[in-house]
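S.K.: My file is input-v5.cif. It has mmCIF, C-alpha atoms:
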data_input
#
loop_
_atom_site.group_PDB
_atom_site.id
_atom_site.type_symbol
_atom_site.label_atom_id
_atom_site.label_comp_id
_atom_site.auth_asym_id
_atom_site.auth_seq_id
_atom_site.Cartn_x
_atom_site.Cartn_y
_atom_site.Cartn_z
ATOM 1 C CA MET A 1 -4.828 21.288 5.780
ATOM 2 C CA LYS A 2 -5.116 19.481 2.428
ATOM 3 C CA ILE A 3 -5.873 15.746 2.452
ATOM 4 C CA TYR A 4 -5.305 13.935 -0.841
ATOM 5 C CA THR A 5 -6.879 10.671 -1.995
ATOM 6 C CA LEU A 6 -5.371 8.050 -4.256
ATOM 7 C CA ALA A 7 -7.717 5.324 -5.470
ATOM 8 C CA SER A 8 -6.742 2.283 -7.470
ATOM 9 C CA LYS A 9 -8.602 -0.800 -8.706
ATOM 10 C CA GLN A 10 -7.171 -3.903 -10.302
ATOM 11 C CA ASN A 11 -8.776 -7.165 -11.379
ATOM 12 C CA LEU A 12 -6.845 -10.428 -11.168
ATOM 13 C CA PRO A 13 -7.770 -13.937 -12.375
ATOM 14 C CA ILE A 14 -7.373 -15.558 -8.944
ATOM 15 C CA SER A 15 -9.632 -16.664 -6.133
ATOM 16 C CA LYS A 16 -10.606 -14.385 -3.286
ATOM 17 C CA LYS A 17 -8.788 -16.725 -0.888
ATOM 18 C CA GLU A 18 -5.571 -16.557 -2.942
ATOM 19 C CA ALA A 19 -5.795 -12.757 -3.180
ATOM 20 C CA TRP A 20 -6.364 -12.431 0.560
ATOM 21 C CA GLU A 21 -3.487 -14.767 1.452
ATOM 22 C CA PHE A 22 -1.085 -12.772 -0.698
ATOM 23 C CA LEU A 23 -2.253 -9.221 0.064
ATOM 24 C CA SER A 24 -2.746 -9.672 3.805
ATOM 25 C CA SER A 25 0.783 -10.979 4.340
ATOM 26 C CA PRO A 26 3.171 -8.086 5.095
ATOM 27 C CA LYS A 27 6.035 -10.284 3.868
ATOM 28 C CA ASN A 28 4.700 -9.953 0.299
ATOM 29 C CA LEU A 29 4.978 -6.150 0.255
ATOM 30 C CA LYS A 30 8.626 -6.360 -0.815
ATOM 31 C CA ALA A 31 7.646 -8.333 -3.940
ATOM 32 C CA ILE A 32 5.312 -5.555 -5.150
ATOM 33 C CA THR A 33 7.491 -2.565 -4.196
ATOM 34 C CA PRO A 34 10.066 -1.126 -6.634
ATOM 35 C CA GLU A 35 13.574 -2.415 -5.861
ATOM 36 C CA TYR A 36 15.087 1.080 -5.709
ATOM 37 C CA MET A 37 12.990 1.708 -2.580
ATOM 38 C CA SER A 38 15.067 -0.888 -0.657
ATOM 39 C CA PHE A 39 11.973 -2.024 1.232
ATOM 40 C CA ASP A 40 12.823 -4.095 4.316
ATOM 41 C CA ILE A 41 10.590 -5.215 7.162
ATOM 42 C CA LEU A 42 12.281 -4.747 10.527
ATOM 43 C CA SER A 43 9.580 -6.204 12.786
ATOM 44 C CA GLY A 44 5.947 -7.160 13.142
ATOM 45 C CA ALA A 45 5.428 -9.454 10.144
ATOM 46 C CA ASP A 46 5.958 -12.731 11.987
ATOM 47 C CA ARG A 47 2.278 -13.748 12.251
ATOM 48 C CA PRO A 48 -0.933 -13.488 10.223
ATOM 49 C CA MET A 49 -2.468 -10.024 10.023
ATOM 50 C CA PHE A 50 -4.553 -8.842 12.972
ATOM 51 C CA ALA A 51 -6.042 -5.561 14.199
ATOM 52 C CA GLY A 52 -3.491 -3.808 16.395
ATOM 53 C CA GLN A 53 -0.484 -5.289 14.584
ATOM 54 C CA ILE A 54 2.458 -2.880 14.378
ATOM 55 C CA ILE A 55 4.815 -3.349 11.419
ATOM 56 C CA GLN A 56 8.091 -1.477 11.121
ATOM 57 C CA TYR A 57 9.834 -0.990 7.756
ATOM 58 C CA ILE A 58 12.831 0.784 6.313
ATOM 59 C CA VAL A 59 12.125 2.317 2.926
ATOM 60 C CA THR A 60 14.048 4.648 0.605
ATOM 61 C CA PRO A 61 11.360 6.668 -1.208
ATOM 62 C CA LEU A 62 13.426 9.621 -2.486
ATOM 63 C CA LEU A 63 17.031 10.621 -3.123
ATOM 64 C CA GLY A 64 18.472 7.524 -1.424
ATOM 65 C CA ILE A 65 17.275 8.749 2.000
ATOM 66 C CA LYS A 66 16.367 5.813 4.250
ATOM 67 C CA THR A 67 13.165 6.351 6.206
ATOM 68 C CA THR A 68 11.608 4.337 9.012
ATOM 69 C CA TRP A 69 7.939 3.724 8.438
ATOM 70 C CA VAL A 70 5.734 2.298 11.196
ATOM 71 C CA THR A 71 2.191 1.212 10.368
ATOM 72 C CA GLU A 72 -0.601 -0.204 12.457
ATOM 73 C CA ILE A 73 -3.193 -2.579 11.055
ATOM 74 C CA THR A 74 -6.289 -0.959 12.524
ATOM 75 C CA HIS A 75 -9.112 -2.995 10.967
ATOM 76 C CA VAL A 76 -9.312 -6.510 9.537
ATOM 77 C CA VAL A 77 -12.315 -8.366 8.188
ATOM 78 C CA GLU A 78 -10.891 -11.694 7.058
ATOM 79 C CA GLY A 79 -11.099 -12.127 3.292
ATOM 80 C CA GLU A 80 -12.803 -8.755 2.766
ATOM 81 C CA TYR A 81 -10.638 -5.774 3.744
ATOM 82 C CA PHE A 82 -7.975 -4.387 6.020
ATOM 83 C CA VAL A 83 -6.770 -0.907 6.902
ATOM 84 C CA ASP A 84 -3.246 0.217 7.675
ATOM 85 C CA GLU A 85 -2.407 3.592 9.179
ATOM 86 C CA GLN A 86 0.999 5.203 9.442
ATOM 87 C CA ARG A 87 2.075 5.843 13.018
ATOM 88 C CA PHE A 88 5.535 7.233 12.131
ATOM 89 C CA GLY A 89 6.955 7.905 8.700
ATOM 90 C CA PRO A 90 7.174 10.242 5.744
ATOM 91 C CA TYR A 91 3.550 11.418 5.663
ATOM 92 C CA ALA A 92 1.655 13.722 8.000
ATOM 93 C CA LEU A 93 -1.274 11.291 7.525
ATOM 94 C CA TRP A 94 -1.514 7.898 5.800
ATOM 95 C CA HIS A 95 -4.737 5.867 5.947
ATOM 96 C CA HIS A 96 -4.778 2.962 3.473
ATOM 97 C CA LYS A 97 -7.854 0.792 2.908
ATOM 98 C CA HIS A 98 -7.471 -2.501 0.991
ATOM 99 C CA PHE A 99 -10.666 -4.169 -0.309
ATOM 100 C CA ILE A 100 -11.025 -7.541 -2.039
ATOM 101 C CA LYS A 101 -14.236 -8.444 -3.854
ATOM 102 C CA GLU A 102 -15.074 -11.559 -5.817
ATOM 103 C CA ILE A 103 -16.111 -10.890 -9.425
ATOM 104 C CA PRO A 104 -16.824 -13.271 -12.314
ATOM 105 C CA GLY A 105 -13.488 -14.800 -13.307
ATOM 106 C CA GLY A 106 -11.467 -13.504 -10.359
ATOM 107 C CA VAL A 107 -11.218 -10.690 -7.867
ATOM 108 C CA GLU A 108 -11.298 -6.923 -7.813
ATOM 109 C CA MET A 109 -8.755 -5.325 -5.517
ATOM 110 C CA GLU A 110 -9.367 -1.752 -4.500
ATOM 111 C CA ASP A 111 -7.019 0.555 -2.629
ATOM 112 C CA ILE A 112 -8.107 3.892 -1.217
ATOM 113 C CA ILE A 113 -5.405 5.990 0.401
ATOM 114 C CA ASP A 114 -6.102 9.239 2.198
ATOM 115 C CA TYR A 115 -2.865 11.057 2.922
ATOM 116 C CA LYS A 116 -1.434 14.398 3.903
ATOM 117 C CA VAL A 117 2.040 15.521 2.936
ATOM 118 C CA PRO A 118 4.396 17.007 5.524
ATOM 119 C CA MET A 119 5.910 20.523 5.472
ATOM 120 C CA GLY A 120 2.656 22.488 5.234
ATOM 121 C CA ILE A 121 2.293 24.738 2.211
ATOM 122 C CA LEU A 122 5.741 23.723 0.876
ATOM 123 C CA GLY A 123 4.648 20.070 0.887
ATOM 124 C CA GLN A 124 1.432 21.021 -0.905
ATOM 125 C CA LEU A 125 3.426 22.893 -3.552
ATOM 126 C CA LEU A 126 5.711 19.876 -4.078
ATOM 127 C CA HIS A 127 2.864 17.356 -4.090
ATOM 128 C CA PRO A 128 1.979 17.527 -7.823
ATOM 129 C CA PHE A 129 5.644 17.415 -8.883
ATOM 130 C CA ILE A 130 7.148 14.849 -6.485
ATOM 131 C CA VAL A 131 4.717 13.033 -4.172
ATOM 132 C CA LYS A 132 1.795 12.315 -6.517
ATOM 133 C CA PRO A 133 3.989 11.140 -9.426
ATOM 134 C CA LYS A 134 5.979 8.920 -7.042
ATOM 135 C CA LEU A 135 2.817 7.306 -5.643
ATOM 136 C CA ASP A 136 1.457 6.796 -9.172
ATOM 137 C CA GLU A 137 4.760 5.170 -10.172
ATOM 138 C CA ILE A 138 4.701 2.833 -7.152
ATOM 139 C CA PHE A 139 1.119 1.734 -7.845
ATOM 140 C CA GLU A 140 1.838 1.209 -11.550
ATOM 141 C CA TYR A 141 4.822 -0.971 -10.585
ATOM 142 C CA ARG A 142 2.580 -2.905 -8.215
ATOM 143 C CA ARG A 143 -0.072 -3.369 -10.937
ATOM 144 C CA LYS A 144 2.521 -4.820 -13.328
ATOM 145 C CA LYS A 145 4.065 -7.086 -10.660
ATOM 146 C CA LEU A 146 0.674 -8.506 -9.704
ATOM 147 C CA ILE A 147 0.017 -9.317 -13.373
ATOM 148 C CA GLU A 148 3.443 -10.990 -13.544
ATOM 149 C CA LEU A 149 2.660 -13.040 -10.447
ATOM 150 C CA PHE A 150 -0.967 -13.963 -11.124
ATOM 151 C CA GLY A 151 -1.651 -13.326 -14.809
ATOM 152 C CA GLU A 152 -3.742 -10.787 -16.651
ATOM 153 C CA PHE A 153 -7.470 -10.564 -16.060
ATOM 154 C CA LYS A 154 -9.484 -11.170 -19.237
#
Go ahead and express the file in the form of structure tokens.
M.R.:
Amino acid sequence: MKIYTLASKQNLPISKKEAWEFLSSPKNLKAITPEYMSFDILSGADRPMFAGQIIQYIVTPLLGIKTTWVTEITHVVEGEYFVDEQRFGPYALWHHKHFIKEIPGGVEMEDIIDYKVPMGILGQLLHPFIVKPKLDEIFEYRRKKLIELFGEFK
């Protein structure tokens, strides 16, 4: 059983409060997800984030195949971090930690994702050619969109 980790950090020239308000709202996920993924929230995003919240999405990650993705917000420390875990979806495991830290001139956002691909050894063989590049592409898109929305950190 191979568990992979994707880690990403990005600094933005905004307040911690502004970063938290944007990042902790599931409704803003669509704005930072590539359009080709046809990201749509089906349910669960009608109130501020809380531990135990279940959010259901439809997403099209590969080859135009629509996939239902259900996540649970398992941990929330207001203004500091939250964790979402996949309950149903394309991964065998998805555990995503989001941290926000105040730094001089803005905030540092850190994502740490521990994930396992489905399909056993076949999934592991496909990981470096399909899954990892796709995740890198999604996070690069997100990085650029956040700069568009909030400006570049200097």
S.K.: Enumerate, as a PDB file with C-alpha atoms, in the frame of the given file, the residues matched when the PyMOL selection byres ((chain A and resi 15-20) around 8) is run on the file above.
M.R.:
ATOM      1  CA  PRO A  13      -7.770 -13.937 -12.375  1.00  0.00           C
ATOM      2  CA  ILE A  14      -7.373 -15.558  -8.944  1.00  0.00           C
ATOM      3  CA  GLU A  21      -3.487 -14.767   1.452  1.00  0.00           C
ATOM      4  CA  PHE A  22      -1.085 -12.772  -0.698  1.00  0.00           C
ATOM      5  CA  LEU A  23      -2.253  -9.221   0.064  1.00  0.00           C
ATOM      6  CA  SER A  24      -2.746  -9.672   3.805  1.00  0.00           C
ATOM      7  CA  GLU A  78     -10.891 -11.694   7.058  1.00  0.00           C
ATOM      8  CA  GLY A  79     -11.099 -12.127   3.292  1.00  0.00           C
ATOM      9  CA  GLU A  80     -12.803  -8.755   2.766  1.00  0.00           C
ATOM     10  CA  ILE A 100     -11.025  -7.541  -2.039  1.00  0.00           C
ATOM     11  CA  LYS A 101     -14.236  -8.444  -3.854  1.00  0.00           C
ATOM     12  CA  GLU A 102     -15.074 -11.559  -5.817  1.00  0.00           C
ATOM     13  CA  GLY A 106     -11.467 -13.504 -10.359  1.00  0.00           C
ATOM     14  CA  VAL A 107     -11.218 -10.690  -7.867  1.00  0.00           C
TER      15      VAL A 107
END
S.K.: What does the distance from atom CA of A:Tyr91 to atom CA of A:Leu63 come to in Å, to one decimal?
M.R.: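 So the two atoms, atom CA of A:Tyr91 and atom CA of A:Leu63, lie 16.1 Å apart.
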S.K.: At a cut-off of 10 Å, using all atoms listed in the file, what residues contact A:Ile147? Leave out same-chain residues fewer than 3 positions from it and give the result as a list in words.
M.R.: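 Non-adjacent residues within range: Gln10, Asn11, Leu12, Pro13, Arg142, Arg143, Lys144, Phe150, Gly151, Glu152 and Phe153 of chain A.
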S.K.: Can you write out the residues you just picked, keeping C-alpha atoms, as a compact mmCIF listing (two decimals), in the frame of the given file?
M.R.:
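As a result, part-v5.txt now contains:
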# COMPACT_ATOMS: atom_id res chain seq x y z
CA GLN A 10 -7.17 -3.90 -10.30
CA ASN A 11 -8.78 -7.16 -11.38
CA LEU A 12 -6.84 -10.43 -11.17
CA PRO A 13 -7.77 -13.94 -12.38
CA ARG A 142 2.58 -2.90 -8.22
CA ARG A 143 -0.07 -3.37 -10.94
CA LYS A 144 2.52 -4.82 -13.33
CA PHE A 150 -0.97 -13.96 -11.12
CA GLY A 151 -1.65 -13.33 -14.81
CA GLU A 152 -3.74 -10.79 -16.65
CA PHE A 153 -7.47 -10.56 -16.06
S.K.: Might you pull out every residue within 12 Å of A:Gly89, with all atoms listed in the file counted and same-chain residues fewer than 3 positions away left off, and present them as a ChimeraX atom specification?
M.R.: /A:55-61,66-72,85-86,92-94,115-118
S.K.: Applied to the shown file, which residues does the PyMOL selection byres ((chain A and resi 30) around 12) return, written as a list of chain:residue names?
M.R.: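 With the shown file as input, the PyMOL selection byres ((chain A and resi 30) around 12) matches A:Phe22, A:Leu23, A:Ser25, A:Pro26, A:Lys27, A:Asn28, A:Leu29, A:Ala31, A:Ile32, A:Thr33, A:Pro34, A:Glu35, A:Tyr36, A:Met37, A:Ser38, A:Phe39, A:Asp40, A:Ile41, A:Ala45, A:Tyr57, A:Ile58, A:Val59, A:Ile138, A:Tyr141, A:Arg142, A:Lys145.
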